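Student: The following file, target_23.tsv, comprises TSV, C-alpha atoms:
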```
chain	number	residue	atom	x	y	z
A	1386	MET	CA	-56.11	-63.53	-19.00
A	1387	PRO	CA	-58.97	-63.74	-21.51
A	1388	ASN	CA	-58.05	-63.80	-25.19
A	1389	SER	CA	-59.76	-60.44	-25.81
A	1390	GLN	CA	-56.85	-58.65	-24.14
A	1391	LYS	CA	-54.27	-57.20	-26.53
A	1392	ILE	CA	-50.83	-58.56	-25.71
A	1393	ILE	CA	-48.12	-56.14	-26.80
A	1394	LEU	CA	-44.91	-57.75	-25.55
A	1395	SER	CA	-43.60	-60.97	-24.18
A	1396	THR	CA	-40.35	-61.42	-22.25
A	1397	PRO	CA	-38.89	-64.60	-20.78
A	1398	ARG	CA	-41.00	-64.11	-17.62
A	1399	PHE	CA	-43.74	-61.62	-18.49
A	1400	ILE	CA	-46.64	-60.70	-20.70
A	1401	LEU	CA	-47.28	-56.98	-21.18
A	1402	ARG	CA	-50.75	-56.10	-22.40
A	1403	GLU	CA	-52.94	-53.07	-22.97
A	1404	MET	CA	-55.14	-51.88	-20.14
A	1405	GLN	CA	-58.92	-52.19	-20.31
A	1406	GLU	CA	-61.68	-50.40	-18.45
A	1407	ASN	CA	-62.21	-53.43	-16.19
A	1408	ASP	CA	-58.55	-53.38	-15.02
A	1409	LEU	CA	-59.32	-51.01	-12.15
A	1410	PRO	CA	-58.29	-53.52	-9.41
A	1411	PHE	CA	-54.78	-53.80	-10.88
A	1412	LEU	CA	-54.26	-50.03	-11.03
A	1413	GLU	CA	-55.63	-49.61	-7.52
A	1414	LYS	CA	-52.88	-51.97	-6.28
A	1415	ILE	CA	-50.23	-49.73	-7.82
A	1416	PHE	CA	-51.83	-46.54	-6.53
A	1417	ASP	CA	-52.22	-48.07	-3.05
A	1418	GLU	CA	-48.44	-48.46	-2.91
A	1419	ALA	CA	-47.43	-45.16	-4.47
A	1420	ALA	CA	-45.79	-42.97	-1.85
A	1421	ALA	CA	-47.34	-39.85	-3.37
A	1422	MET	CA	-50.80	-41.31	-2.96
A	1423	THR	CA	-50.59	-42.24	0.74
A	1424	PHE	CA	-52.75	-39.35	1.89
A	1425	PHE	CA	-55.54	-40.01	-0.61
A	1426	THR	CA	-58.69	-41.84	0.42
A	1427	LYS	CA	-59.63	-45.16	-1.21
A	1428	ASP	CA	-62.27	-43.34	-3.31
A	1429	GLN	CA	-59.69	-40.78	-4.49
A	1430	LYS	CA	-57.28	-43.57	-5.46
A	1431	ARG	CA	-60.06	-45.34	-7.36
A	1432	GLU	CA	-60.88	-42.14	-9.24
A	1433	LYS	CA	-57.20	-41.60	-10.10
A	1434	ALA	CA	-57.01	-45.19	-11.37
A	1435	LYS	CA	-60.08	-44.64	-13.58
A	1436	ILE	CA	-58.56	-41.46	-15.00
A	1437	TRP	CA	-55.25	-43.27	-15.66
A	1438	ILE	CA	-56.96	-46.10	-17.53
A	1439	ALA	CA	-58.93	-43.60	-19.66
A	1440	HIS	CA	-55.67	-41.75	-20.39
A	1441	MET	CA	-54.00	-45.02	-21.50
A	1442	LEU	CA	-56.94	-46.01	-23.72
A	1443	LYS	CA	-56.68	-42.62	-25.41
A	1444	SER	CA	-52.91	-43.03	-25.82
A	1445	TYR	CA	-53.31	-46.49	-27.42
A	1446	ASN	CA	-55.83	-45.02	-29.85
A	1447	GLU	CA	-53.83	-41.91	-30.73
A	1448	ASN	CA	-50.24	-43.19	-30.49
A	1449	SER	CA	-50.39	-47.01	-30.69
A	1450	PHE	CA	-48.56	-47.20	-27.36
A	1451	GLY	CA	-48.84	-46.29	-23.70
A	1452	MET	CA	-48.33	-47.97	-20.35
A	1453	TRP	CA	-49.10	-51.68	-20.30
A	1454	LEU	CA	-50.04	-54.03	-17.48
A	1455	CYS	CA	-47.45	-56.70	-16.69
A	1456	PHE	CA	-48.22	-60.28	-15.61
A	1457	PHE	CA	-46.15	-63.38	-14.97
A	1458	LYS	CA	-46.46	-65.75	-17.93
A	1459	GLU	CA	-46.84	-68.85	-15.79
A	1460	SER	CA	-49.08	-67.80	-12.90
A	1461	LYS	CA	-50.79	-64.81	-14.61
A	1462	GLU	CA	-50.19	-62.86	-11.36
A	1463	PHE	CA	-50.15	-59.06	-11.74
A	1464	VAL	CA	-46.68	-57.53	-11.30
A	1465	GLY	CA	-46.98	-53.87	-12.31
A	1466	GLN	CA	-47.05	-51.58	-15.31
A	1467	CYS	CA	-44.48	-50.51	-17.85
A	1468	GLY	CA	-44.51	-48.69	-21.15
A	1469	LEU	CA	-43.94	-45.56	-23.18
A	1470	MET	CA	-45.77	-42.24	-23.01
A	1471	LYS	CA	-45.63	-38.97	-24.94
A	1472	ASN	CA	-44.71	-36.14	-22.59
A	1473	GLU	CA	-43.57	-32.57	-22.96
A	1474	ILE	CA	-40.17	-31.99	-21.37
A	1475	ASP	CA	-38.60	-28.54	-21.49
A	1476	GLY	CA	-41.00	-27.52	-24.25
A	1477	LYS	CA	-40.16	-30.52	-26.46
A	1478	GLU	CA	-42.22	-33.65	-27.07
A	1479	GLU	CA	-40.36	-36.71	-25.80
A	1480	ILE	CA	-41.21	-40.39	-25.48
A	1481	GLU	CA	-40.81	-41.34	-21.84
A	1482	LEU	CA	-40.23	-44.81	-20.45
A	1483	GLY	CA	-42.14	-45.47	-17.25
A	1484	TYR	CA	-42.57	-48.45	-14.96
A	1485	SER	CA	-43.85	-49.34	-11.53
A	1486	VAL	CA	-43.60	-52.77	-9.95
A	1487	LEU	CA	-45.48	-53.88	-6.84
A	1488	ARG	CA	-43.18	-53.77	-3.81
A	1489	LYS	CA	-43.33	-57.50	-3.14
A	1490	PHE	CA	-41.53	-57.98	-6.49
A	1491	TRP	CA	-38.74	-55.42	-6.00
A	1492	ASN	CA	-35.05	-56.32	-6.26
A	1493	ARG	CA	-35.53	-59.29	-8.60
A	1494	GLY	CA	-34.68	-57.72	-11.95
A	1495	TYR	CA	-38.31	-57.58	-13.05
A	1496	ALA	CA	-38.44	-53.82	-13.71
A	1497	ALA	CA	-35.28	-54.01	-15.84
A	1498	GLU	CA	-36.66	-56.92	-17.90
A	1499	MET	CA	-39.93	-55.09	-18.57
A	1500	ALA	CA	-38.25	-51.73	-19.21
A	1501	LYS	CA	-35.76	-53.27	-21.66
A	1502	ALA	CA	-38.65	-54.87	-23.56
A	1503	ALA	CA	-40.42	-51.49	-23.75
A	1504	LEU	CA	-37.23	-49.82	-25.03
A	1505	ASP	CA	-36.77	-52.52	-27.66
A	1506	PHE	CA	-40.41	-52.08	-28.72
A	1507	GLY	CA	-39.93	-48.32	-29.05
A	1508	PHE	CA	-36.80	-48.62	-31.16
A	1509	ALA	CA	-37.91	-51.58	-33.33
A	1510	ASN	CA	-41.66	-51.04	-33.73
A	1511	LEU	CA	-42.03	-47.28	-33.36
A	1512	LYS	CA	-38.68	-46.45	-35.01
A	1513	LEU	CA	-37.84	-44.04	-32.20
A	1514	THR	CA	-34.32	-42.64	-32.07
A	1515	ARG	CA	-34.44	-41.43	-28.45
A	1516	ILE	CA	-36.28	-42.49	-25.30
A	1517	VAL	CA	-36.12	-40.67	-21.97
A	1518	SER	CA	-36.91	-41.45	-18.37
A	1519	VAL	CA	-37.58	-38.88	-15.66
A	1520	ILE	CA	-36.34	-40.02	-12.25
A	1521	GLU	CA	-36.26	-38.33	-8.88
A	1522	LYS	CA	-32.69	-38.29	-7.57
A	1523	GLU	CA	-33.81	-40.08	-4.38
A	1524	ASN	CA	-35.19	-43.02	-6.36
A	1525	ILE	CA	-32.04	-45.15	-6.27
A	1526	ALA	CA	-33.84	-48.29	-7.50
A	1527	SER	CA	-35.10	-46.58	-10.68
A	1528	ILE	CA	-31.68	-45.03	-11.29
A	1529	HIS	CA	-30.19	-48.53	-11.06
A	1530	VAL	CA	-32.77	-49.91	-13.51
A	1531	SER	CA	-32.17	-47.09	-16.00
A	1532	LYS	CA	-28.41	-47.66	-15.94
A	1533	LYS	CA	-28.87	-51.44	-16.22
A	1534	ILE	CA	-30.85	-51.02	-19.45
A	1535	GLY	CA	-28.30	-48.62	-20.94
A	1536	MET	CA	-29.69	-45.20	-20.10
A	1537	ASN	CA	-27.44	-42.34	-19.02
A	1538	LYS	CA	-28.15	-39.22	-16.99
A	1539	GLU	CA	-28.31	-36.29	-19.40
A	1540	ARG	CA	-29.24	-33.38	-17.16
A	1541	GLN	CA	-31.57	-32.09	-14.47
A	1542	ILE	CA	-34.97	-30.69	-15.40
A	1543	LEU	CA	-37.87	-29.11	-13.60
A	1544	ARG	CA	-41.04	-31.23	-13.52
A	1545	GLY	CA	-43.79	-29.36	-11.79
A	1546	GLN	CA	-42.09	-27.75	-8.81
A	1547	LYS	CA	-39.44	-30.46	-8.42
A	1548	THR	CA	-35.95	-30.82	-9.87
A	1549	VAL	CA	-35.54	-34.32	-11.31
A	1550	ASP	CA	-32.98	-36.14	-13.44
A	1551	LEU	CA	-33.47	-36.86	-17.13
A	1552	TYR	CA	-32.04	-40.17	-18.31
A	1553	THR	CA	-31.79	-40.92	-22.03
A	1554	ILE	CA	-30.92	-43.65	-24.48
A	1555	LEU	CA	-30.39	-43.33	-28.21
A	1556	ARG	CA	-31.02	-46.04	-30.76
A	1557	LEU	CA	-27.78	-47.35	-32.14
A	1558	LYS	CA	-27.36	-46.85	-35.86
A	1559	ASP	CA	-27.89	-50.02	-37.89
```
Reformat the file's structure so that it appears as C-alpha cells.
Tutor:
Amino acid sequence: MPNSQKIILSTPRFILREMQENDLPFLEKIFDEAAAMTFFTKDQKREKAKIWIAHMLKSYNENSFGMWLCFFKESKEFVGQCGLMKNEIDGKEEIELGYSVLRKFWNRGYAAEMAKAALDFGFANLKLTRIVSVIEKENIASIHVSKKIGMNKERQILRGQKTVDLYTILRLKD
C-alpha cells in the first residue's frame, strides 16, 4: 500500500484505510460476491462500486468516517471492508456498523476483529454513545459476529420492504 493512503485503524492482523478513487478493483471483488448483486452485469457492478467509493469519499469529508478497506498487515492482501456509516433508521439518525469479508476468509474471526476495531474507534474517537447494526435474520454469520463483539438484538425494523433485526451496543460509562 502506498504511503498516500490514509490508514485509520490497525488491529493485530489488519490495516483499515480510507478508500480512494483507484480502489475500484477491491470493491468489485466484494460486489462480485454479494448475493444481492448476482443478477447484475459486470458493468453494473463496476458502476455500483464507483458510486460506493464516491459515497465513502463524501462521508469521510463530511463525517470523518465511513467504510474502510481492510488488508492483512503482513501480505497486504485485500480482505474486505468495515466501518461506520450515518443512516436513518425509523426516522432517527444512527451510526451503523457495517462489514463484508471476502468468502475465502470467512469463519476465521476476521470480521469480528475488524468490527470490534470499528466500534472502539466510534466510541473512543467519535465519542459515540450508541452504535447499531442492521442484520437480516437469515444472516447467521453476521448475527454471530455482532454478538461476539457485544451487540444485542434490540428489535425488528423495516428497511426498504424487508423486516430486519436491529442490533445495538452502548458505550459503557467511564
Student: Report, in Å to a single decimal, how far apart atom CA of Leu1442 of chain A and atom CA of Cys1467 of chain A are.
Tutor: 14.5 Å
Student: Rounded to one decimal in Å, what is the spacing between atom CA of Asp1505 of chain A and atom CA of Lys1547 of chain A?
Tutor: 29.4 Å
Student: In Å, with one decimal, what is the gap from atom CA of Thr1548 of chain A to atom CA of Glu1521 of chain A?
Tutor: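 Answer for the atom CA of Thr1548 of chain A to atom CA of Glu1521 of chain A separation: 7.6 Å.
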Student: Could you tell me which of A:Asp1408, A:Arg1556, A:Leu1543, A:Asn1448 comes closest to Ala1434 of chain A if we count only C-alpha atoms?
Tutor: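 Nearest candidate to Ala1434 of chain A out of A:Asp1408, A:Arg1556, A:Leu1543, A:Asn1448: A:Asp1408.
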Student: Excluding same-chain residues fewer than 3 positions from Ile1480 of chain A, what lies within 7 Å of it counting all atoms listed in the file, as a PDB file with C-alpha atoms, in the coordinates of the input?
Tutor:
```pdb
ATOM      1  CA  LEU A1469     -43.940 -45.560 -23.180  1.00  0.00           C
ATOM      2  CA  MET A1470     -45.770 -42.240 -23.010  1.00  0.00           C
ATOM      3  CA  LYS A1471     -45.630 -38.970 -24.940  1.00  0.00           C
ATOM      4  CA  ASN A1472     -44.710 -36.140 -22.590  1.00  0.00           C
ATOM      5  CA  ILE A1516     -36.280 -42.490 -25.300  1.00  0.00           C
ATOM      6  CA  VAL A1517     -36.120 -40.670 -21.970  1.00  0.00           C
TER       7      VAL A1517
END
```
Student: Taking (-39.8, -59.3, -15.5) as a centre in this file's frame and 10 Å as the limit, can you find every polymer residue with an atom that close, using all atoms listed in the file, and give them as JSON, numbers by chain?
Tutor: {"A": [1395, 1396, 1397, 1398, 1399, 1400, 1401, 1455, 1456, 1457, 1458, 1464, 1465, 1486, 1490, 1493, 1494, 1495, 1496, 1497, 1498, 1499, 1500, 1501, 1502]}
Student: From the list A:Gln1405, A:Ser1449, A:Ser1485, A:Gln1429, which residue is nearest Phe1506 of chain A when using all atoms listed in the file?
Tutor: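 Answer, going by the shortest atom-to-atom distance: A:Ser1449.
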Student: Would you place a box with edges along x, y and z of the file around all atoms of segment 1550-1555 of chain A listed there, add 4 Å to each of its six sides, and report the centre and edge lengths in Å to one decimal, as lines of an AutoDock Vina configuration file?
Tutor:
```
center_x = -31.9
center_y = -39.9
center_z = -20.8
size_x = 11.1
size_y = 15.5
size_z = 22.8
```
Student: When you count all atoms listed in the file, which of these residues is closest to Gly1535 of chain A: A:Ile1554, A:Leu1513, A:Met1452, A:Met1404?
Tutor: A:Ile1554
Student: I'd like the neighbourhood of Val1519 of chain A as a list in words, where a residue qualifies if any of its atoms comes within 8 Å (using all atoms listed in the file), though same-chain residues fewer than 3 positions away should be ignored.
Tutor: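 In the requested format, the answer is Glu1481, Val1549, Asp1550, Leu1551 and Tyr1552 of chain A.
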Student: Can you pull out the residues contacting Met1536 of chain A? Cut-off 10 Å, using only C-alpha atoms, and skip same-chain residues under 2 positions away; I want them as a PyMOL selection string.
Tutor: chain A and resi 1516-1518+1528-1534+1538-1539+1551-1555
